[in-house]
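Chemist: What follows is data-v1.cif; its format and atoms are mmCIF, C-alpha atoms and all ligand atoms.
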```cif
data_target
loop_
_atom_site.label_atom_id
_atom_site.label_comp_id
_atom_site.auth_asym_id
_atom_site.auth_seq_id
_atom_site.Cartn_x
_atom_site.Cartn_y
_atom_site.Cartn_z
CA MET A 1380 0.00 0.00 0.00
CA ALA A 1381 2.81 2.36 -0.91
CA ARG A 1382 1.32 5.78 -0.30
CA ASN A 1383 4.31 7.86 -1.31
CA CYS A 1384 6.65 5.80 -3.38
CA ASP A 1385 10.09 7.25 -3.89
CA ARG A 1386 11.33 5.64 -7.11
CA SER A 1387 14.76 7.15 -6.74
CA MET A 1388 15.81 4.98 -3.82
CA THR A 1389 17.65 1.74 -4.39
CA LEU A 1390 17.54 -1.33 -2.17
CA GLU A 1391 17.18 -0.55 1.53
CA ARG A 1392 17.93 -3.01 4.30
CA THR A 1393 15.04 -4.46 6.27
CA LEU A 1394 15.18 -4.99 9.99
CA PRO A 1395 17.62 -7.75 10.97
CA ARG A 1396 16.49 -11.38 11.05
CA GLU A 1397 16.25 -11.53 14.87
CA SER A 1398 13.60 -8.84 14.73
CA TYR A 1399 11.28 -11.41 13.17
CA PHE A 1400 11.77 -14.32 15.57
CA SER A 1401 13.56 -13.32 18.76
CA PRO A 1402 11.31 -13.83 21.84
CA GLU A 1403 13.28 -11.08 23.59
CA ILE A 1404 12.56 -8.55 20.83
CA PHE A 1405 8.92 -9.62 20.80
CA ARG A 1406 8.75 -8.99 24.55
CA ARG A 1407 10.05 -5.45 23.99
CA GLU A 1408 7.54 -4.94 21.19
CA GLN A 1409 4.72 -6.00 23.50
CA GLU A 1410 5.74 -3.43 26.08
CA ARG A 1411 6.75 -0.55 23.85
CA ILE A 1412 4.32 -0.99 20.99
CA PHE A 1413 1.26 -3.13 21.66
CA TRP A 1414 0.67 -2.14 25.30
CA HIS A 1415 1.83 1.42 24.70
CA GLU A 1416 0.00 2.49 21.53
CA TRP A 1417 -3.72 2.51 20.67
CA PHE A 1418 -4.61 -1.02 19.54
CA CYS A 1419 -7.67 -1.60 17.35
CA ALA A 1420 -9.56 -4.29 19.23
CA ALA A 1421 -13.22 -4.52 18.24
CA ARG A 1422 -16.29 -2.98 16.67
CA GLU A 1423 -18.76 -1.07 18.82
CA GLU A 1424 -21.54 -3.27 17.48
CA GLU A 1425 -19.95 -6.23 19.30
CA VAL A 1426 -21.08 -4.81 22.66
CA PRO A 1427 -24.45 -3.20 21.93
CA ALA A 1428 -26.24 -3.64 25.29
CA THR A 1429 -25.52 -2.57 28.86
CA GLY A 1430 -23.30 -5.16 30.53
CA ASP A 1431 -22.10 -6.70 27.25
CA PHE A 1432 -18.40 -7.39 27.40
CA LEU A 1433 -15.54 -8.67 25.28
CA GLN A 1434 -12.57 -10.49 26.71
CA LEU A 1435 -9.57 -9.58 24.60
CA ASP A 1436 -5.99 -10.81 24.47
CA ILE A 1437 -3.85 -7.76 23.70
CA ALA A 1438 -0.40 -9.21 23.02
CA GLY A 1439 -0.62 -11.45 26.08
CA GLN A 1440 -2.65 -9.16 28.39
CA SER A 1441 -6.26 -9.98 29.20
CA VAL A 1442 -8.56 -6.98 28.84
CA LEU A 1443 -12.32 -6.55 29.32
CA VAL A 1444 -14.23 -4.03 27.19
CA VAL A 1445 -17.63 -3.31 28.70
CA ARG A 1446 -20.75 -1.36 27.69
CA THR A 1447 -21.69 0.67 30.78
CA LYS A 1448 -25.06 1.84 32.07
CA ASP A 1449 -24.78 5.28 30.48
CA GLY A 1450 -24.09 3.71 27.09
CA SER A 1451 -20.39 4.57 27.02
CA LEU A 1452 -17.54 2.08 26.91
CA ALA A 1453 -15.13 1.18 29.69
CA ALA A 1454 -12.13 -1.13 29.59
CA HIS A 1455 -10.39 -2.83 32.50
CA PHE A 1456 -7.58 -5.26 33.05
CA ASN A 1457 -9.11 -8.68 33.70
CA VAL A 1458 -7.87 -8.85 37.28
CA CYS A 1459 -9.48 -8.31 40.69
CA ARG A 1460 -7.92 -5.66 42.96
CA HIS A 1461 -8.19 -8.05 45.91
CA ARG A 1462 -6.13 -11.18 45.22
CA GLY A 1463 -5.45 -10.90 41.53
CA SER A 1464 -7.96 -13.41 40.28
CA ARG A 1465 -9.17 -13.19 36.75
CA LEU A 1466 -12.62 -11.57 36.82
CA VAL A 1467 -13.56 -13.65 33.80
CA LEU A 1468 -11.91 -17.04 34.15
CA ASP A 1469 -12.69 -18.30 30.66
CA GLU A 1470 -9.56 -18.33 28.49
CA ARG A 1471 -11.66 -18.16 25.34
CA THR A 1472 -11.35 -14.90 23.42
CA LYS A 1473 -12.59 -13.68 20.07
CA LEU A 1474 -9.38 -14.95 18.53
CA ASP A 1475 -10.69 -18.48 18.96
CA GLY A 1476 -12.85 -17.82 15.99
CA ASP A 1477 -16.21 -19.19 17.04
CA MET A 1478 -17.51 -15.95 18.57
CA ASN A 1479 -18.76 -14.50 15.34
CA CYS A 1480 -19.32 -10.82 16.12
CA ALA A 1481 -21.04 -11.66 19.43
CA PRO A 1482 -20.02 -10.39 22.86
CA SER A 1483 -18.06 -12.70 25.14
CA GLY A 1484 -20.92 -12.39 27.59
CA ASN A 1485 -23.01 -10.02 29.67
CA PHE A 1486 -22.14 -8.96 33.22
CA GLY A 1487 -25.66 -7.83 34.07
CA ASN A 1488 -25.32 -4.65 36.11
CA ALA A 1489 -22.02 -5.41 37.86
CA ILE A 1490 -18.73 -7.29 37.54
CA ARG A 1491 -18.37 -9.89 40.30
CA CYS A 1492 -15.04 -11.55 40.97
CA PRO A 1493 -15.56 -15.34 41.12
CA TYR A 1494 -13.06 -15.73 43.99
CA HIS A 1495 -14.32 -13.67 46.99
CA SER A 1496 -17.15 -11.84 45.24
CA TRP A 1497 -15.66 -8.38 45.27
CA THR A 1498 -18.15 -6.63 43.02
CA TYR A 1499 -17.48 -3.69 40.71
CA GLU A 1500 -19.67 -1.31 38.77
CA LEU A 1501 -19.44 -1.74 35.00
CA ASP A 1502 -17.34 1.44 34.90
CA GLY A 1503 -14.85 -0.16 37.32
CA ARG A 1504 -15.73 1.43 40.68
CA LEU A 1505 -15.75 -1.00 43.60
CA ARG A 1506 -19.35 -1.49 44.75
CA THR A 1507 -19.05 -4.08 47.53
CA ALA A 1508 -16.43 -6.26 49.20
CA PRO A 1509 -18.20 -8.86 51.35
CA TYR A 1510 -17.84 -8.40 55.13
CA ILE A 1511 -15.46 -5.47 54.72
CA ALA A 1512 -16.95 -2.25 56.02
CA GLU A 1513 -15.73 1.28 55.44
CA THR A 1514 -15.26 1.41 59.21
CA ASP A 1515 -12.39 -1.06 58.73
CA GLY A 1516 -10.53 1.82 57.14
CA VAL A 1517 -11.10 0.54 53.61
CA ARG A 1518 -12.13 3.26 51.21
CA LYS A 1519 -13.92 1.86 48.17
CA GLU A 1520 -12.68 4.64 45.95
CA ASP A 1521 -9.15 3.37 46.50
CA PHE A 1522 -9.92 0.04 44.80
CA PRO A 1523 -11.37 0.52 41.34
CA LEU A 1524 -10.46 -1.94 38.61
CA TYR A 1525 -7.22 -1.12 36.84
CA PRO A 1526 -8.29 1.02 33.89
CA VAL A 1527 -7.47 0.47 30.25
CA GLY A 1528 -7.84 3.41 27.88
CA VAL A 1529 -10.68 3.11 25.41
CA GLU A 1530 -11.61 5.37 22.49
CA THR A 1531 -13.59 4.92 19.30
CA TRP A 1532 -13.44 6.08 15.73
CA GLY A 1533 -15.64 5.02 12.82
CA GLY A 1534 -17.31 2.35 14.96
CA PHE A 1535 -13.96 0.78 15.82
CA ILE A 1536 -12.89 0.36 19.45
CA PHE A 1537 -9.26 1.08 20.30
CA VAL A 1538 -7.67 0.27 23.66
CA ASN A 1539 -4.52 1.52 25.34
CA LEU A 1540 -3.02 -0.53 28.17
CA MET A 1541 -1.01 2.37 29.61
CA PRO A 1542 -3.66 5.11 29.64
CA GLN A 1543 -2.03 7.31 32.28
CA ARG A 1544 1.21 7.34 30.33
CA ALA A 1545 -0.60 8.02 27.06
CA ALA A 1546 -2.44 10.93 28.69
CA ALA A 1547 0.75 12.33 30.20
CA GLU A 1548 2.48 12.15 26.82
CA GLY A 1549 -0.54 13.53 24.95
CA ARG A 1550 -0.84 10.40 22.81
CA THR A 1551 -4.51 10.34 21.90
CA LEU A 1552 -6.21 8.11 19.37
CA ALA A 1553 -6.77 11.19 17.19
CA GLU A 1554 -3.04 11.81 17.11
CA GLN A 1555 -2.33 8.19 16.19
CA LEU A 1556 -4.95 8.19 13.41
CA ASP A 1557 -3.54 11.47 12.10
CA ALA A 1558 -5.07 12.32 8.70
CA LEU A 1559 -6.95 9.01 8.31
CA PRO A 1560 -10.37 10.30 9.42
CA ALA A 1561 -10.14 13.19 6.95
CA ARG A 1562 -9.11 10.89 4.10
CA LEU A 1563 -12.06 8.58 4.75
CA ALA A 1564 -14.58 11.25 5.74
CA ARG A 1565 -17.17 10.22 3.14
CA TYR A 1566 -17.24 6.51 4.08
CA PRO A 1567 -20.07 5.88 6.61
CA LEU A 1568 -17.87 3.61 8.71
CA ALA A 1569 -19.58 4.05 12.08
CA GLY A 1570 -22.92 3.01 10.61
CA LEU A 1571 -21.66 -0.11 8.85
CA ARG A 1572 -22.32 -3.58 10.23
CA THR A 1573 -20.26 -6.75 10.20
CA ALA A 1574 -21.90 -9.38 8.03
CA ARG A 1575 -19.07 -11.91 8.25
CA ARG A 1576 -15.90 -12.45 10.26
CA ILE A 1577 -13.00 -14.74 9.44
CA VAL A 1578 -10.23 -15.37 11.98
CA TYR A 1579 -6.93 -16.50 10.51
CA ASP A 1580 -4.03 -18.07 12.36
CA VAL A 1581 -0.92 -16.94 10.50
CA ALA A 1582 2.49 -18.51 11.12
CA ALA A 1583 4.33 -15.21 10.74
CA ASN A 1584 5.65 -12.32 12.79
CA TRP A 1585 3.25 -9.35 12.83
CA LYS A 1586 5.73 -7.18 10.91
CA VAL A 1587 5.85 -9.65 8.02
CA ILE A 1588 2.08 -9.25 7.68
CA LEU A 1589 2.22 -5.45 7.77
CA GLU A 1590 5.11 -5.28 5.34
CA ASN A 1591 3.17 -7.49 2.97
CA TYR A 1592 0.14 -5.21 3.24
CA ASN A 1593 2.37 -2.23 2.62
CA GLU A 1594 3.31 -3.14 -0.95
CA CYS A 1595 1.89 -4.50 -4.18
CA TYR A 1596 5.21 -5.62 -5.65
CA HIS A 1597 4.07 -9.16 -4.81
CA CYS A 1598 0.58 -8.82 -6.32
CA ALA A 1599 1.39 -9.94 -9.87
CA GLY A 1600 2.89 -13.21 -8.67
CA VAL A 1601 0.75 -13.96 -5.63
CA HIS A 1602 -2.68 -12.60 -6.58
CA PRO A 1603 -3.54 -13.38 -10.21
CA GLU A 1604 -7.30 -13.22 -9.59
CA LEU A 1605 -7.00 -9.86 -7.85
CA CYS A 1606 -4.84 -8.45 -10.63
CA ALA A 1607 -7.47 -9.52 -13.18
CA VAL A 1608 -9.91 -7.16 -11.43
CA VAL A 1609 -7.32 -4.47 -10.59
CA PRO A 1610 -4.68 -4.57 -13.34
CA ALA A 1611 -2.96 -1.50 -11.83
CA PHE A 1612 -1.67 -3.75 -9.03
CA LYS A 1613 0.63 -5.59 -11.43
CA GLN A 1614 1.84 -2.57 -13.37
CA ALA A 1615 5.33 -1.35 -12.50
CA GLY A 1616 5.42 -3.66 -9.48
CA GLY A 1617 2.60 -1.71 -7.93
CA GLY A 1618 4.98 1.19 -7.57
CA GLN A 1619 2.88 3.95 -9.12
CA LEU A 1620 -0.37 3.50 -7.25
CA ASP A 1621 -2.21 6.63 -6.19
CA TRP A 1622 -3.69 5.51 -2.87
CA ASP A 1623 -4.91 9.00 -2.02
CA ARG A 1624 -7.20 9.09 -5.02
CA GLY A 1625 -7.86 5.35 -4.96
CA ILE A 1626 -6.88 2.52 -7.28
CA PRO A 1627 -8.93 2.06 -10.47
CA HIS A 1628 -10.35 -1.33 -11.41
CA ARG A 1629 -10.42 -2.73 -14.95
CA ASP A 1630 -13.06 -1.27 -17.24
CA GLY A 1631 -16.53 -2.11 -15.99
CA ALA A 1632 -15.33 -3.28 -12.56
CA PHE A 1633 -15.76 -1.28 -9.37
CA THR A 1634 -15.35 -3.58 -6.37
CA PHE A 1635 -13.34 -6.47 -4.91
CA THR A 1636 -15.29 -9.51 -6.10
CA ARG A 1637 -14.27 -12.12 -8.63
CA SER A 1638 -16.35 -10.40 -11.32
CA GLY A 1639 -15.40 -6.92 -10.12
CA THR A 1640 -19.10 -6.07 -9.83
CA THR A 1641 -21.92 -6.61 -7.36
CA THR A 1642 -25.63 -5.95 -6.98
CA ARG A 1643 -25.02 -3.91 -3.81
CA ALA A 1644 -25.35 -0.13 -4.02
CA PRO A 1645 -22.32 2.02 -3.27
CA PHE A 1646 -22.26 3.66 0.14
CA PRO A 1647 -24.24 6.90 0.17
CA GLY A 1648 -22.08 10.01 0.18
CA LEU A 1649 -19.04 8.73 -1.72
CA ASP A 1650 -17.54 10.93 -4.41
CA ASP A 1651 -17.20 9.88 -8.07
CA ASP A 1652 -13.74 8.37 -7.56
CA GLU A 1653 -14.72 6.48 -4.44
CA ARG A 1654 -17.65 4.86 -6.25
CA VAL A 1655 -15.29 3.10 -8.65
CA ARG A 1656 -11.86 3.08 -6.98
CA HIS A 1657 -10.33 1.10 -4.12
CA LYS A 1658 -8.67 2.62 -1.07
CA GLY A 1659 -6.35 1.07 1.48
CA GLU A 1660 -5.04 2.27 4.82
CA LEU A 1661 -2.63 0.97 7.46
CA ILE A 1662 -2.50 2.46 10.94
CA TYR A 1663 0.30 1.06 13.07
CA PRO A 1664 0.50 -1.09 14.97
CA ASN A 1665 -2.37 -3.38 13.99
CA PHE A 1666 -5.19 -1.80 11.98
CA LEU A 1667 -5.62 -2.33 8.22
CA LEU A 1668 -8.57 -1.09 6.17
CA SER A 1669 -9.46 -1.90 2.58
CA LEU A 1670 -12.36 0.10 1.22
CA ALA A 1671 -14.52 -0.67 -1.81
CA ALA A 1672 -17.62 1.30 -2.80
CA ASP A 1673 -20.03 -1.28 -1.31
CA HIS A 1674 -18.03 -3.00 1.45
CA VAL A 1675 -15.05 -2.61 3.75
CA ALA A 1676 -12.63 -5.32 4.79
CA ALA A 1677 -11.27 -4.38 8.23
CA PHE A 1678 -8.24 -6.34 9.40
CA THR A 1679 -6.82 -6.35 12.91
CA VAL A 1680 -3.51 -8.09 13.51
CA TRP A 1681 -3.11 -9.77 16.91
CA PRO A 1682 0.48 -10.75 17.71
CA ARG A 1683 0.56 -14.04 19.63
CA ASP A 1684 4.31 -14.61 19.82
CA ALA A 1685 7.37 -13.76 17.76
CA GLN A 1686 6.42 -16.17 15.00
CA ARG A 1687 2.65 -16.30 15.11
CA SER A 1688 -0.17 -13.82 14.67
CA SER A 1689 -3.92 -13.98 14.42
CA VAL A 1690 -5.69 -11.81 11.89
CA ILE A 1691 -9.36 -10.97 12.33
CA CYS A 1692 -11.00 -9.93 9.09
CA ASP A 1693 -14.41 -8.28 9.42
CA PHE A 1694 -16.53 -7.65 6.33
CA LEU A 1695 -18.59 -4.50 6.79
CA PHE A 1696 -21.65 -3.57 4.76
CA HIS A 1697 -24.31 -0.89 4.81
CA PRO A 1698 -27.33 -1.85 6.92
CA SER A 1699 -29.73 -0.83 4.15
CA GLU A 1700 -28.17 -3.52 1.94
CA MET A 1701 -28.06 -6.09 4.74
CA GLU A 1702 -31.78 -5.62 5.35
CA LYS A 1703 -32.67 -6.50 1.77
CA PRO A 1704 -34.08 -9.99 1.25
CA GLY A 1705 -31.46 -12.19 -0.33
CA PHE A 1706 -28.51 -10.13 0.94
CA ASP A 1707 -25.47 -12.30 0.34
CA PRO A 1708 -21.97 -11.00 1.13
CA SER A 1709 -20.22 -14.08 -0.21
CA ASP A 1710 -19.15 -12.51 -3.53
CA ALA A 1711 -16.88 -10.17 -1.58
CA VAL A 1712 -16.08 -12.52 1.32
CA GLU A 1713 -15.03 -15.46 -0.84
CA PHE A 1714 -12.86 -13.27 -3.06
CA TRP A 1715 -11.15 -11.70 -0.06
CA ASP A 1716 -10.68 -15.10 1.57
CA LEU A 1717 -8.87 -16.28 -1.55
CA VAL A 1718 -6.61 -13.20 -1.58
CA ASN A 1719 -6.04 -13.37 2.18
CA ARG A 1720 -5.01 -17.03 2.09
CA GLN A 1721 -2.57 -16.25 -0.71
CA ASP A 1722 -1.06 -13.55 1.50
CA TRP A 1723 -0.85 -15.67 4.66
CA THR A 1724 0.73 -18.56 2.75
CA ILE A 1725 3.46 -16.32 1.38
CA CYS A 1726 3.95 -14.61 4.78
CA ALA A 1727 4.44 -18.00 6.43
CA GLY A 1728 6.93 -18.84 3.69
CA VAL A 1729 8.86 -15.66 4.48
CA GLN A 1730 8.83 -16.49 8.19
CA ARG A 1731 10.27 -19.94 7.55
CA GLY A 1732 12.67 -18.77 4.85
CA MET A 1733 14.25 -16.09 7.04
CA GLN A 1734 15.48 -18.80 9.39
CA ALA A 1735 18.09 -19.88 6.88
CA LEU A 1736 21.40 -19.54 8.69
CA VAL A 1737 22.82 -17.41 5.87
CA PHE A 1738 19.99 -14.85 6.00
CA GLU A 1739 20.98 -11.73 7.94
CA HIS A 1740 18.41 -9.26 6.66
CA GLY A 1741 16.34 -8.67 3.55
CA TYR A 1742 15.89 -5.68 1.28
CA TYR A 1743 13.07 -3.35 0.43
CA ALA A 1744 12.82 -2.67 -3.29
CA PRO A 1745 11.92 0.89 -4.41
CA MET A 1746 8.24 0.03 -4.80
CA GLU A 1747 8.17 -1.26 -1.21
CA SER A 1748 9.19 2.10 0.20
CA ALA A 1749 6.17 2.33 2.53
CA SER A 1750 7.80 -0.37 4.63
CA LEU A 1751 10.61 2.04 5.43
CA ASP A 1752 8.01 3.55 7.74
CA ILE A 1753 7.64 0.34 9.71
CA ARG A 1754 11.40 0.02 10.00
CA ARG A 1755 11.50 3.53 11.42
CA TYR A 1756 8.38 2.93 13.54
CA VAL A 1757 9.91 -0.11 15.23
CA ARG A 1758 13.37 1.41 15.67
CA ASP A 1759 11.95 4.61 17.14
CA ARG A 1760 10.13 2.60 19.79
CA LEU A 1761 12.62 -0.14 20.53
CA GLY A 1762 15.76 1.94 20.25
FE FE B 1801 -1.05 -9.55 -1.01
#
```
Just give me the structure as structure tokens.

Modeler:
Amino acid sequence: MARNCDRSMTLERTLPRESYFSPEIFRREQERIFWHEWFCAAREEEVPATGDFLQLDIAGQSVLVVRTKDGSLAAHFNVCRHRGSRLVLDERTKLDGDMNCAPSGNFGNAIRCPYHSWTYELDGRLRTAPYIAETDGVRKEDFPLYPVGVETWGGFIFVNLMPQRAAAEGRTLAEQLDALPARLARYPLAGLRTARRIVYDVAANWKVILENYNECYHCAGVHPELCAVVPAFKQAGGGQLDWDRGIPHRDGAFTFTRSGTTTRAPFPGLDDDERVRHKGELIYPNFLLSLAADHVAAFTVWPRDAQRSSVICDFLFHPSEMEKPGFDPSDAVEFWDLVNRQDWTICAGVQRGMQALVFEHGYYAPMESASLDIRRYVRDRLG
């Protein structure tokens, strides 16, 4: 997804091989990237009702996102202030794949620890601790759940595991998203609904997946069906793509399906280009958006360990189309699934190939220049 491709550069070195499979480097990435930055974790529609919650695994940390009584969202570490028990014991999270767009559960009107029944309001305030009275010198306000930062944009929920630090450093979600909301202002993202979700288990480091998303040099060889619909992806190694305006399809095509067409109407409010062109966005560290006129494929990358990631792919459509009798998203979903599996197969091949004892680092070709940003992004944070 090379936004600004500098054709004058030659080959640039990638990060060194250890960066892609060292457990020690992954541990530093957890702390300095995934727990430190805003992490795209869910859609608001996944927790529609008061008490609905999601249990999320954010790079090894268990987090609860909860719909509170006033309709806002709260997020807490999944740990009781008393003895450190998990508040939700179940290890199952949305990454397990069988929780198709549904909440993990509903707390009712309070969160009760299963160990000694310390009970918290949905917003995290301690409500009761059995047989402990304020006269014992215990002040309830001193024992709220440990907070996780939570903000939303476009119907997406982002969490930040170090909210005090983010606030102190002025690192808001708006700052992290930068010009993205302005670029996508005409897409009705907050009002879209998830018709299908596919969870992929990818045997690759998270950076391999992002670097692959960042370029279309591989498209001609890896994605023949996609290039038949979007011939621009195979021209000049994908190095001259105008992502700001959007990528044109072949004549007569206007969306990511095998035929390049669909019976679904374009989203209301798009401009003439957006009705026929494709847009793509990548917000570090884990949020990837691909936008057609009639649907959006939203990818979140969930690092599991140095050599394994989960990718959740949500397919978003306009509710007015989903309400129509006979609505069938499979033309888009099946095409994307084909393209996605091609990507994950090649990413896993990169992950295995880099373990060759002679491989010290790779190279970015000129048309992969967007990945220079991820090299800088990681180095800036890890030192
Ligand atoms: Fe690809």

Chemist: Would you mind reading off the distance between CA of Asp1521 (chain A) and CA of Leu1443 (chain A), one decimal, in Å?

Modeler: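 Between these atoms lies a distance of 20.1 Å.
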
Chemist: If you count all atoms listed in the file, which residues end up within 7 Å of ligand FE 1801 (chain B), as JSON, numbers by chain?

Modeler: {"A": [1591, 1592, 1595, 1597, 1598, 1601, 1602, 1718, 1721, 1722]}

Chemist: Between A:Val1527, A:Val1426, A:Leu1505, A:Leu1390, which has the minimum distance to Phe1456 (chain A) (counting only C-alpha atoms)?

Modeler: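 Counting only C-alpha atoms, the residue closest to Phe1456 (chain A) is A:Val1527.
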
Chemist: Would you list the residues near (14.6, -19.8, 9.2) (no more than 12 Å away, in the coordinates of the file, using only C-alpha atoms) as a list in words?

Modeler: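 Returned residue set, sorted by chain then number, is Arg1396, Glu1397, Tyr1399, Phe1400, Ser1401, Ala1583, Gln1686, Ala1727, Gly1728, Val1729, Gln1730, Arg1731, Gly1732, Met1733, Gln1734, Ala1735, Leu1736, Val1737, Phe1738, Glu1739 and His1740 of chain A.
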
Chemist: Looking at A:His1628, A:His1415, A:Arg1720, A:Arg1565, which one is nearest to Ile1577 (chain A), with distances taken over only C-alpha atoms?

Modeler: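 Smallest distance to Ile1577 (chain A) is found for A:Arg1720.
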
Chemist: Please, what distance in Å, to one decimal, runs between CA of Gln1409 (chain A) and CA of Thr1679 (chain A)?

Modeler: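 Result for CA of Gln1409 (chain A) versus CA of Thr1679 (chain A): 15.7 Å, one decimal.
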
Chemist: Please provide as a ChimeraX atom specification all residues within 10 Å of Leu1501 (chain A), with the sequence filter that same-chain residues fewer than 5 positions apart are discarded (counting all atoms listed in the file).

Modeler: /A:1429-1432,1444-1449,1452-1455,1486-1491,1506,1524

Chemist: With region 1672-1678 of chain A as the partner and 6 Å as the cut-off, tabulate the residues of region 1568-1661 of chain A that qualify, each row holding the nearest pair of atoms and their distance in Å to one decimal, using all atoms listed in the file, sorted by chain and rising number, as a Markdown table.

Modeler:
```
| residue | atom | partner | partner_atom | distance |
| --- | --- | --- | --- | --- |
| A:Pro1645 | CA | A:Asp1673 | CA | 4.5 |
| A:Phe1646 | CA | A:Asp1673 | CA | 5.6 |
| A:Arg1654 | CA | A:Ala1672 | CA | 5.0 |
```

Chemist: May I have the selected residues written with C-alpha atoms, as an mmCIF file, keeping the file's coordinate frame?

Modeler:
```
data_model
loop_
_atom_site.group_PDB
_atom_site.id
_atom_site.type_symbol
_atom_site.label_atom_id
_atom_site.label_comp_id
_atom_site.auth_asym_id
_atom_site.auth_seq_id
_atom_site.Cartn_x
_atom_site.Cartn_y
_atom_site.Cartn_z
ATOM 1 C CA PRO A 1645 -22.320 2.020 -3.270
ATOM 2 C CA PHE A 1646 -22.260 3.660 0.140
ATOM 3 C CA ARG A 1654 -17.650 4.860 -6.250
#
```

Chemist: Quick one: pull the distance between CA of Val1538 (chain A) and CA of Phe1413 (chain A), Å, one decimal.

Modeler: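 Answer for the CA of Val1538 (chain A) to CA of Phe1413 (chain A) separation: 9.8 Å.
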
Chemist: Could you give me, as a ChimeraX atom specification, the residues within 12 Å of Ala1558 (chain A), counting all atoms listed in the file and dropping anything in the same chain fewer than 3 positions from it?

Modeler: /A:1552-1555,1561-1564,1623,1660-1662

Chemist: Can you list, as a count of residues only, every protein, DNA or RNA residue that comes within 10 Å of Pro1698 (chain A) when you count all atoms listed in the file, leaving out same-chain residues fewer than 6 positions away?

Modeler: 5

Chemist: Restricting the calculation to all atoms listed in the file: of A:Asn1593, A:Ser1451, A:Ser1464, A:Asn1485, which residue gets closest to Ile1536 (chain A)?

Modeler: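 With all atoms listed in the file as the atom set, the closest residue is A:Ser1451.
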
Chemist: Taking (-16.9, -9.6, 26.7) in the file's own coordinates, collect the residues within 6 Å, counting all atoms listed in the file, and hand them back as a list in words.

Modeler: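 Checking each residue against the 6 Å limit leaves Asp1431, Phe1432, Leu1433, Gln1434, Pro1482, Ser1483 and Gly1484 of chain A.
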
Chemist: Write a file of the selected residues as a CSV table (one decimal), keeping the file's coordinate frame, keeping C-alpha atoms.

Modeler:
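Once everything was written out, this is result_38.csv:
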```
chain,number,residue,atom,x,y,z
A,1431,ASP,CA,-22.1,-6.7,27.2
A,1432,PHE,CA,-18.4,-7.4,27.4
A,1433,LEU,CA,-15.5,-8.7,25.3
A,1434,GLN,CA,-12.6,-10.5,26.7
A,1482,PRO,CA,-20.0,-10.4,22.9
A,1483,SER,CA,-18.1,-12.7,25.1
A,1484,GLY,CA,-20.9,-12.4,27.6
```
